[in-house]
file query02.cif (mmCIF, N, CA, C and O atoms)
data_target
#
loop_
_atom_site.label_atom_id
_atom_site.label_comp_id
_atom_site.auth_asym_id
_atom_site.auth_seq_id
_atom_site.Cartn_x
_atom_site.Cartn_y
_atom_site.Cartn_z
N MET A 27 0.84 -1.18 0.00
CA MET A 27 0.00 0.00 0.00
C MET A 27 0.89 1.24 0.00
O MET A 27 1.87 1.32 0.72
N ASP A 28 0.55 2.21 -0.82
CA ASP A 28 1.26 3.47 -0.91
C ASP A 28 1.15 4.23 0.42
O ASP A 28 0.08 4.30 1.02
N ASN A 29 2.24 4.80 0.89
CA ASN A 29 2.22 5.53 2.15
C ASN A 29 1.33 6.77 2.10
O ASN A 29 0.87 7.25 3.14
N ASN A 30 1.10 7.31 0.91
CA ASN A 30 0.27 8.50 0.77
C ASN A 30 -1.20 8.16 0.56
O ASN A 30 -2.05 9.04 0.58
N GLU A 31 -1.49 6.92 0.30
CA GLU A 31 -2.87 6.49 0.10
C GLU A 31 -3.10 5.24 0.94
O GLU A 31 -2.26 4.36 1.00
N PHE A 32 -4.23 5.20 1.58
CA PHE A 32 -4.56 4.01 2.37
C PHE A 32 -6.06 3.82 2.37
O PHE A 32 -6.82 4.71 2.01
N SER A 33 -6.46 2.68 2.79
CA SER A 33 -7.87 2.32 2.81
C SER A 33 -8.37 2.30 4.25
O SER A 33 -7.82 1.59 5.10
N PHE A 34 -9.41 3.10 4.54
CA PHE A 34 -9.99 3.06 5.87
C PHE A 34 -10.60 1.69 6.14
O PHE A 34 -10.56 1.21 7.27
N ASP A 35 -11.15 1.06 5.12
CA ASP A 35 -11.72 -0.27 5.30
C ASP A 35 -10.65 -1.26 5.74
O ASP A 35 -10.86 -2.07 6.64
N ALA A 36 -9.48 -1.19 5.11
CA ALA A 36 -8.38 -2.08 5.48
C ALA A 36 -7.94 -1.80 6.91
O ALA A 36 -7.68 -2.72 7.69
N LEU A 37 -7.90 -0.53 7.28
CA LEU A 37 -7.52 -0.16 8.63
C LEU A 37 -8.54 -0.66 9.65
O LEU A 37 -8.19 -1.25 10.68
N LEU A 38 -9.82 -0.47 9.36
CA LEU A 38 -10.87 -0.88 10.29
C LEU A 38 -11.01 -2.39 10.38
O LEU A 38 -11.44 -2.91 11.41
N ASN A 39 -10.68 -3.11 9.32
CA ASN A 39 -10.81 -4.56 9.31
C ASN A 39 -9.54 -5.28 9.78
O ASN A 39 -9.50 -6.50 9.81
N ASN A 40 -8.52 -4.52 10.15
CA ASN A 40 -7.28 -5.09 10.65
C ASN A 40 -7.55 -5.78 11.98
O ASN A 40 -8.24 -5.26 12.85
N ASP A 41 -6.98 -6.98 12.16
CA ASP A 41 -7.18 -7.74 13.40
C ASP A 41 -6.66 -7.01 14.64
O ASP A 41 -7.11 -7.26 15.75
N GLU A 42 -5.70 -6.12 14.47
CA GLU A 42 -5.13 -5.40 15.61
C GLU A 42 -6.01 -4.23 16.04
O GLU A 42 -5.77 -3.62 17.07
N PHE A 43 -7.01 -3.90 15.24
CA PHE A 43 -7.90 -2.78 15.53
C PHE A 43 -9.14 -3.30 16.23
O PHE A 43 -9.84 -4.17 15.71
N ALA A 44 -9.43 -2.80 17.40
CA ALA A 44 -10.62 -3.20 18.14
C ALA A 44 -11.62 -2.04 18.16
O ALA A 44 -11.26 -0.92 18.51
N ARG A 45 -12.83 -2.33 17.75
CA ARG A 45 -13.86 -1.30 17.77
C ARG A 45 -14.25 -1.03 19.21
O ARG A 45 -14.35 -1.92 20.03
N TYR A 46 -14.51 0.23 19.50
CA TYR A 46 -14.94 0.62 20.83
C TYR A 46 -16.40 1.06 20.77
O TYR A 46 -16.78 1.83 19.91
N GLU A 47 -17.19 0.52 21.66
CA GLU A 47 -18.58 0.93 21.78
C GLU A 47 -18.81 1.29 23.23
O GLU A 47 -18.65 0.45 24.12
N SER A 48 -19.16 2.52 23.48
CA SER A 48 -19.34 2.99 24.85
C SER A 48 -20.59 2.38 25.46
O SER A 48 -21.52 1.98 24.75
N PRO A 49 -20.63 2.32 26.78
CA PRO A 49 -21.86 1.85 27.45
C PRO A 49 -23.07 2.71 27.05
O PRO A 49 -24.16 2.18 26.88
N ALA A 50 -22.86 4.01 26.88
CA ALA A 50 -23.96 4.90 26.48
C ALA A 50 -24.54 4.48 25.13
O ALA A 50 -25.76 4.48 24.94
N THR A 51 -23.67 4.10 24.20
CA THR A 51 -24.14 3.65 22.89
C THR A 51 -24.91 2.34 23.01
O THR A 51 -25.96 2.17 22.38
N MET A 52 -24.39 1.42 23.80
CA MET A 52 -25.08 0.14 23.99
C MET A 52 -26.47 0.34 24.61
O MET A 52 -27.45 -0.25 24.17
N TYR A 53 -26.55 1.20 25.64
CA TYR A 53 -27.84 1.47 26.28
C TYR A 53 -28.81 2.15 25.32
O TYR A 53 -30.00 1.86 25.31
N ALA A 54 -28.28 3.07 24.51
CA ALA A 54 -29.13 3.77 23.54
C ALA A 54 -29.71 2.78 22.52
O ALA A 54 -30.88 2.87 22.17
N MET A 55 -28.89 1.83 22.07
CA MET A 55 -29.38 0.83 21.11
C MET A 55 -30.42 -0.06 21.78
O MET A 55 -31.46 -0.37 21.18
N GLU A 56 -30.16 -0.47 23.01
CA GLU A 56 -31.14 -1.29 23.73
C GLU A 56 -32.46 -0.55 23.91
O GLU A 56 -33.54 -1.13 23.71
N ASP A 57 -32.38 0.74 24.27
CA ASP A 57 -33.60 1.54 24.43
C ASP A 57 -34.34 1.70 23.11
O ASP A 57 -35.57 1.60 23.06
N PHE A 58 -33.59 1.93 22.04
CA PHE A 58 -34.20 2.07 20.72
C PHE A 58 -34.94 0.79 20.34
O PHE A 58 -36.09 0.83 19.91
N LEU A 59 -34.27 -0.35 20.52
CA LEU A 59 -34.90 -1.62 20.15
C LEU A 59 -36.09 -1.94 21.04
O LEU A 59 -37.07 -2.55 20.59
N LYS A 60 -36.05 -1.52 22.29
CA LYS A 60 -37.17 -1.71 23.20
C LYS A 60 -38.40 -0.92 22.71
O LYS A 60 -39.51 -1.46 22.66
N VAL A 61 -38.17 0.32 22.31
CA VAL A 61 -39.27 1.15 21.78
C VAL A 61 -39.82 0.56 20.49
O VAL A 61 -41.03 0.48 20.29
N VAL A 62 -38.93 0.12 19.62
CA VAL A 62 -39.36 -0.48 18.36
C VAL A 62 -40.19 -1.73 18.63
O VAL A 62 -41.25 -1.94 18.03
N ARG A 63 -39.72 -2.56 19.55
CA ARG A 63 -40.45 -3.79 19.89
C ARG A 63 -41.86 -3.46 20.40
O ARG A 63 -42.84 -4.11 20.03
N GLU A 64 -41.97 -2.43 21.22
CA GLU A 64 -43.28 -2.01 21.75
C GLU A 64 -44.19 -1.49 20.65
O GLU A 64 -45.40 -1.71 20.69
N CYS A 65 -43.63 -0.81 19.68
CA CYS A 65 -44.44 -0.18 18.63
C CYS A 65 -44.75 -1.11 17.46
O CYS A 65 -45.80 -0.97 16.83
N VAL A 66 -43.85 -2.03 17.16
CA VAL A 66 -44.02 -2.87 15.98
C VAL A 66 -44.85 -4.11 16.28
O VAL A 66 -45.84 -4.37 15.61
N GLY A 67 -44.44 -4.87 17.25
CA GLY A 67 -45.20 -6.07 17.61
C GLY A 67 -44.88 -7.29 16.76
O GLY A 67 -44.90 -8.40 17.25
N ASP A 68 -44.59 -7.12 15.49
CA ASP A 68 -44.29 -8.23 14.58
C ASP A 68 -42.81 -8.61 14.71
O ASP A 68 -41.93 -7.78 14.49
N GLU A 69 -42.54 -9.85 15.06
CA GLU A 69 -41.17 -10.30 15.31
C GLU A 69 -40.31 -10.23 14.05
O GLU A 69 -39.13 -9.87 14.11
N LYS A 70 -40.86 -10.57 12.90
CA LYS A 70 -40.10 -10.53 11.64
C LYS A 70 -39.68 -9.10 11.32
O LYS A 70 -38.53 -8.84 10.96
N SER A 71 -40.60 -8.16 11.48
CA SER A 71 -40.29 -6.75 11.25
C SER A 71 -39.26 -6.26 12.26
O SER A 71 -38.35 -5.49 11.93
N MET A 72 -39.42 -6.70 13.48
CA MET A 72 -38.49 -6.31 14.55
C MET A 72 -37.07 -6.76 14.22
O MET A 72 -36.12 -5.98 14.38
N GLU A 73 -36.90 -7.97 13.76
CA GLU A 73 -35.57 -8.47 13.40
C GLU A 73 -34.98 -7.69 12.23
O GLU A 73 -33.78 -7.41 12.19
N LYS A 74 -35.83 -7.34 11.27
CA LYS A 74 -35.35 -6.56 10.12
C LYS A 74 -34.89 -5.17 10.58
O LYS A 74 -33.83 -4.70 10.18
N ILE A 75 -35.67 -4.53 11.44
CA ILE A 75 -35.29 -3.21 11.96
C ILE A 75 -34.01 -3.31 12.78
O ILE A 75 -33.13 -2.46 12.67
N LYS A 76 -33.88 -4.35 13.57
CA LYS A 76 -32.67 -4.56 14.37
C LYS A 76 -31.45 -4.70 13.48
O LYS A 76 -30.41 -4.07 13.73
N LYS A 77 -31.56 -5.50 12.42
CA LYS A 77 -30.44 -5.68 11.50
C LYS A 77 -30.07 -4.37 10.82
O LYS A 77 -28.90 -4.01 10.75
N GLU A 78 -31.08 -3.65 10.34
CA GLU A 78 -30.82 -2.39 9.64
C GLU A 78 -30.22 -1.34 10.57
O GLU A 78 -29.35 -0.58 10.18
N SER A 79 -30.67 -1.30 11.82
CA SER A 79 -30.11 -0.33 12.76
C SER A 79 -28.66 -0.66 13.10
O SER A 79 -27.84 0.24 13.28
N LYS A 80 -28.32 -1.93 13.18
CA LYS A 80 -26.93 -2.32 13.42
C LYS A 80 -26.06 -1.96 12.22
O LYS A 80 -24.94 -1.49 12.39
N ASP A 81 -26.58 -2.16 11.01
CA ASP A 81 -25.85 -1.77 9.80
C ASP A 81 -25.63 -0.26 9.77
O ASP A 81 -24.54 0.21 9.43
N LEU A 82 -26.65 0.49 10.14
CA LEU A 82 -26.55 1.94 10.18
C LEU A 82 -25.50 2.39 11.19
O LEU A 82 -24.66 3.24 10.90
N SER A 83 -25.52 1.79 12.38
CA SER A 83 -24.55 2.18 13.41
C SER A 83 -23.13 1.84 12.97
O SER A 83 -22.18 2.56 13.27
N TYR A 84 -22.96 0.75 12.22
CA TYR A 84 -21.65 0.38 11.69
C TYR A 84 -21.15 1.46 10.72
O TYR A 84 -20.00 1.89 10.79
N CYS A 85 -22.03 1.92 9.84
CA CYS A 85 -21.66 2.97 8.88
C CYS A 85 -21.33 4.28 9.59
O CYS A 85 -20.37 4.96 9.23
N VAL A 86 -22.12 4.62 10.59
CA VAL A 86 -21.88 5.84 11.36
C VAL A 86 -20.54 5.76 12.06
O VAL A 86 -19.77 6.72 12.08
N PHE A 87 -20.23 4.59 12.65
CA PHE A 87 -18.94 4.40 13.32
C PHE A 87 -17.80 4.62 12.32
O PHE A 87 -16.83 5.33 12.62
N ASN A 88 -17.90 4.02 11.15
CA ASN A 88 -16.84 4.17 10.14
C ASN A 88 -16.67 5.62 9.73
O ASN A 88 -15.55 6.11 9.60
N ASP A 89 -17.78 6.33 9.52
CA ASP A 89 -17.70 7.75 9.14
C ASP A 89 -17.07 8.58 10.25
O ASP A 89 -16.23 9.45 9.99
N ALA A 90 -17.47 8.32 11.50
CA ALA A 90 -16.91 9.06 12.63
C ALA A 90 -15.42 8.78 12.77
O ALA A 90 -14.63 9.70 13.03
N PHE A 91 -15.02 7.53 12.59
CA PHE A 91 -13.61 7.19 12.68
C PHE A 91 -12.82 7.91 11.58
O PHE A 91 -11.78 8.50 11.85
N GLN A 92 -13.35 7.88 10.37
CA GLN A 92 -12.65 8.52 9.25
C GLN A 92 -12.52 10.02 9.50
O GLN A 92 -11.46 10.59 9.28
N GLN A 93 -13.58 10.65 9.97
CA GLN A 93 -13.53 12.08 10.24
C GLN A 93 -12.51 12.39 11.34
O GLN A 93 -11.72 13.31 11.22
N GLY A 94 -12.52 11.60 12.41
CA GLY A 94 -11.57 11.80 13.50
C GLY A 94 -10.14 11.57 13.06
O GLY A 94 -9.23 12.31 13.44
N PHE A 95 -9.94 10.55 12.24
CA PHE A 95 -8.60 10.24 11.74
C PHE A 95 -8.08 11.39 10.88
O PHE A 95 -6.94 11.83 11.04
N CYS A 96 -8.93 11.88 9.98
CA CYS A 96 -8.52 12.99 9.11
C CYS A 96 -8.23 14.25 9.93
O CYS A 96 -7.26 14.96 9.66
N PHE A 97 -9.05 14.50 10.95
CA PHE A 97 -8.81 15.64 11.82
C PHE A 97 -7.47 15.51 12.54
O PHE A 97 -6.71 16.46 12.63
N ALA A 98 -7.16 14.31 13.02
CA ALA A 98 -5.89 14.08 13.71
C ALA A 98 -4.70 14.31 12.78
O ALA A 98 -3.72 14.96 13.16
N VAL A 99 -4.79 13.81 11.55
CA VAL A 99 -3.71 13.99 10.59
C VAL A 99 -3.54 15.47 10.25
O VAL A 99 -2.41 15.99 10.24
N LYS A 100 -4.65 16.17 10.01
CA LYS A 100 -4.56 17.60 9.69
C LYS A 100 -4.00 18.39 10.87
O LYS A 100 -3.24 19.33 10.69
N SER A 101 -4.38 18.00 12.10
CA SER A 101 -3.86 18.68 13.29
C SER A 101 -2.36 18.49 13.41
O SER A 101 -1.62 19.42 13.71
N LEU A 102 -1.89 17.26 13.17
CA LEU A 102 -0.45 17.00 13.23
C LEU A 102 0.30 17.79 12.16
O LEU A 102 1.35 18.36 12.43
N LYS A 103 -0.26 17.83 10.97
CA LYS A 103 0.38 18.61 9.89
C LYS A 103 0.46 20.07 10.27
O LYS A 103 1.48 20.73 10.05
N PHE A 104 -0.60 20.61 10.86
CA PHE A 104 -0.63 22.02 11.27
C PHE A 104 0.42 22.27 12.35
O PHE A 104 1.16 23.25 12.30
N MET A 105 0.50 21.37 13.33
CA MET A 105 1.46 21.56 14.42
C MET A 105 2.90 21.44 13.94
O MET A 105 3.80 22.10 14.48
N LEU A 106 3.13 20.64 12.91
CA LEU A 106 4.49 20.51 12.39
C LEU A 106 4.92 21.76 11.62
O LEU A 106 6.12 22.01 11.48
N LYS A 107 3.95 22.55 11.15
CA LYS A 107 4.28 23.80 10.44
C LYS A 107 4.75 24.89 11.39
O LYS A 107 5.46 25.79 11.00
N ILE A 108 4.30 24.82 12.64
CA ILE A 108 4.60 25.89 13.61
C ILE A 108 6.05 25.87 14.02
O ILE A 108 6.78 25.04 14.11
#
call {"tool": "encode", "arguments": {"input": "query02.cif", "output": "structure tokens"}}
result
Amino acid sequence: MDNNEFSFDALLNNDEFARYESPATMYAMEDFLKVVRECVGDEKSMEKIKKESKDLSYCVFNDAFQQGFCFAVKSLKFMLKI
């Protein structure tokens, strides 16, 4: 891989990289699924919503990581200019 180009997917899928999920995030997902279960009632629909919400949270995590990583790199570049 070129040092100037890299893949966030490769970085995130690396065995040495562990995803972090805060207790607040876990509780929020549990609360969300509890509300959905109360409102939906249909188990098949509930499982589909659960799967889609987990997929969405995965995408949000990746976007947040990428944004934070880019911010860190830009910050380091800025500090090296000073």
call {"tool": "select_by_dssp", "arguments": {"input": "query02.cif", "residues": "chain A", "states": "helix (DSSP H, G or I)", "output": "number ranges by chain"}}
result
A: 34-38, 49-66, 69-107
call {"tool": "atom_distance", "arguments": {"input": "query02.cif", "atom1": "atom CA of A:Tyr84", "atom2": "atom CA of A:Glu47"}}
result
10.6 Å
call {"tool": "axis_aligned_box", "arguments": {"input": "query02.cif", "around": "stretch 75-78 of chain A", "padding_each_side": "3 Å", "output": "AutoDock Vina command-line options"}}
result
--center_x -32.3 --center_y -3.1 --center_z 12.0 --size_x 12.8 --size_y 11.1 --size_z 10.7
call {"tool": "atom_distance", "arguments": {"input": "query02.cif", "atom1": "atom CA of A:Lys80", "atom2": "atom C of A:Ala54"}}
result
10.8 Å
call {"tool": "atom_distance", "arguments": {"input": "query02.cif", "atom1": "atom O of A:Met55", "atom2": "atom N of A:Ala98"}}
result
29.5 Å
call {"tool": "closest_residue", "arguments": {"input": "query02.cif", "among": "A:Glu56, A:Asp35, A:Asp41, A:Glu73", "to": "A:Phe91", "atoms": "only C-alpha atoms"}}
result
A:Asp35
call {"tool": "residues_around", "arguments": {"input": "query02.cif", "residues": "stretch 81-83 of chain A", "least_positions_apart": "5", "cutoff": "10 Å", "atoms": "only C-alpha atoms", "output": "compact mmCIF listing (two decimals) with N, CA, C and O atoms, in the coordinates of the input"}}
result
# COMPACT_ATOMS: atom_id res chain seq x y z
N THR A 51 -23.67 4.10 24.20
CA THR A 51 -24.14 3.65 22.89
C THR A 51 -24.91 2.34 23.01
O THR A 51 -25.96 2.17 22.38
N MET A 55 -28.89 1.83 22.07
CA MET A 55 -29.38 0.83 21.11
C MET A 55 -30.42 -0.06 21.78
O MET A 55 -31.46 -0.37 21.18
N ILE A 75 -35.67 -4.53 11.44
CA ILE A 75 -35.29 -3.21 11.96
C ILE A 75 -34.01 -3.31 12.78
O ILE A 75 -33.13 -2.46 12.67
N LYS A 76 -33.88 -4.35 13.57
CA LYS A 76 -32.67 -4.56 14.37
C LYS A 76 -31.45 -4.70 13.48
O LYS A 76 -30.41 -4.07 13.73
N ASN A 88 -17.90 4.02 11.15
CA ASN A 88 -16.84 4.17 10.14
C ASN A 88 -16.67 5.62 9.73
O ASN A 88 -15.55 6.11 9.60
N ASP A 89 -17.78 6.33 9.52
CA ASP A 89 -17.70 7.75 9.14
C ASP A 89 -17.07 8.58 10.25
O ASP A 89 -16.23 9.45 9.99
call {"tool": "residues_near_point", "arguments": {"input": "query02.cif", "point": "(-9.5, 5.7, 7.7)", "cutoff": "8 Å", "atoms": "all atoms listed in the file", "output": "list of chain:residue names"}}
result
A:Phe32, A:Ser33, A:Phe34, A:Asp35, A:Ala36, A:Leu37, A:Leu38, A:Asn88, A:Phe91, A:Gln92, A:Gln93, A:Gly94, A:Phe95, A:Cys96
call {"tool": "closest_residue", "arguments": {"input": "query02.cif", "among": "A:Met52, A:Leu59, A:Met105, A:Ala90", "to": "A:Met72", "atoms": "only N, CA, C and O atoms"}}
result
A:Leu59
call {"tool": "decode", "arguments": {"input": "query02.cif", "residues": "stretch 40-61 of chain A", "atoms": "N, CA, C and O atoms", "output": "compact mmCIF listing (two decimals), in the first residue's frame"}}
result
# COMPACT_ATOMS: atom_id res chain seq x y z
N ASN A 40 -8.52 -4.52 10.15
CA ASN A 40 -7.28 -5.09 10.65
C ASN A 40 -7.55 -5.78 11.98
O ASN A 40 -8.24 -5.26 12.85
N ASP A 41 -6.98 -6.98 12.16
CA ASP A 41 -7.18 -7.74 13.40
C ASP A 41 -6.66 -7.01 14.64
O ASP A 41 -7.11 -7.26 15.75
N GLU A 42 -5.70 -6.12 14.47
CA GLU A 42 -5.13 -5.40 15.61
C GLU A 42 -6.01 -4.23 16.04
O GLU A 42 -5.77 -3.62 17.07
N PHE A 43 -7.01 -3.90 15.24
CA PHE A 43 -7.90 -2.78 15.53
C PHE A 43 -9.14 -3.30 16.23
O PHE A 43 -9.84 -4.17 15.71
N ALA A 44 -9.43 -2.80 17.40
CA ALA A 44 -10.62 -3.20 18.14
C ALA A 44 -11.62 -2.04 18.16
O ALA A 44 -11.26 -0.92 18.51
N ARG A 45 -12.83 -2.33 17.75
CA ARG A 45 -13.86 -1.30 17.77
C ARG A 45 -14.25 -1.03 19.21
O ARG A 45 -14.35 -1.92 20.03
N TYR A 46 -14.51 0.23 19.50
CA TYR A 46 -14.94 0.62 20.83
C TYR A 46 -16.40 1.06 20.77
O TYR A 46 -16.78 1.83 19.91
N GLU A 47 -17.19 0.52 21.66
CA GLU A 47 -18.58 0.93 21.78
C GLU A 47 -18.81 1.29 23.23
O GLU A 47 -18.65 0.45 24.12
N SER A 48 -19.16 2.52 23.48
CA SER A 48 -19.34 2.99 24.85
C SER A 48 -20.59 2.38 25.46
O SER A 48 -21.52 1.98 24.75
N PRO A 49 -20.63 2.32 26.78
CA PRO A 49 -21.86 1.85 27.45
C PRO A 49 -23.07 2.71 27.05
O PRO A 49 -24.16 2.18 26.88
N ALA A 50 -22.86 4.01 26.88
CA ALA A 50 -23.96 4.90 26.48
C ALA A 50 -24.54 4.48 25.13
O ALA A 50 -25.76 4.48 24.94
N THR A 51 -23.67 4.10 24.20
CA THR A 51 -24.14 3.65 22.89
C THR A 51 -24.91 2.34 23.01
O THR A 51 -25.96 2.17 22.38
N MET A 52 -24.39 1.42 23.80
CA MET A 52 -25.08 0.14 23.99
C MET A 52 -26.47 0.34 24.61
O MET A 52 -27.45 -0.25 24.17
N TYR A 53 -26.55 1.20 25.64
CA TYR A 53 -27.84 1.47 26.28
C TYR A 53 -28.81 2.15 25.32
O TYR A 53 -30.00 1.86 25.31
N ALA A 54 -28.28 3.07 24.51
CA ALA A 54 -29.13 3.77 23.54
C ALA A 54 -29.71 2.78 22.52
O ALA A 54 -30.88 2.87 22.17
N MET A 55 -28.89 1.83 22.07
CA MET A 55 -29.38 0.83 21.11
C MET A 55 -30.42 -0.06 21.78
O MET A 55 -31.46 -0.37 21.18
N GLU A 56 -30.16 -0.47 23.01
CA GLU A 56 -31.14 -1.29 23.73
C GLU A 56 -32.46 -0.55 23.91
O GLU A 56 -33.54 -1.13 23.71
N ASP A 57 -32.38 0.74 24.27
CA ASP A 57 -33.60 1.54 24.43
C ASP A 57 -34.34 1.70 23.11
O ASP A 57 -35.57 1.60 23.06
N PHE A 58 -33.59 1.93 22.04
CA PHE A 58 -34.20 2.07 20.72
C PHE A 58 -34.94 0.79 20.34
O PHE A 58 -36.09 0.83 19.91
N LEU A 59 -34.27 -0.35 20.52
CA LEU A 59 -34.90 -1.62 20.15
C LEU A 59 -36.09 -1.94 21.04
O LEU A 59 -37.07 -2.55 20.59
N LYS A 60 -36.05 -1.52 22.29
CA LYS A 60 -37.17 -1.71 23.20
C LYS A 60 -38.40 -0.92 22.71
O LYS A 60 -39.51 -1.46 22.66
N VAL A 61 -38.17 0.32 22.31
CA VAL A 61 -39.27 1.15 21.78
C VAL A 61 -39.82 0.56 20.49
O VAL A 61 -41.03 0.48 20.29
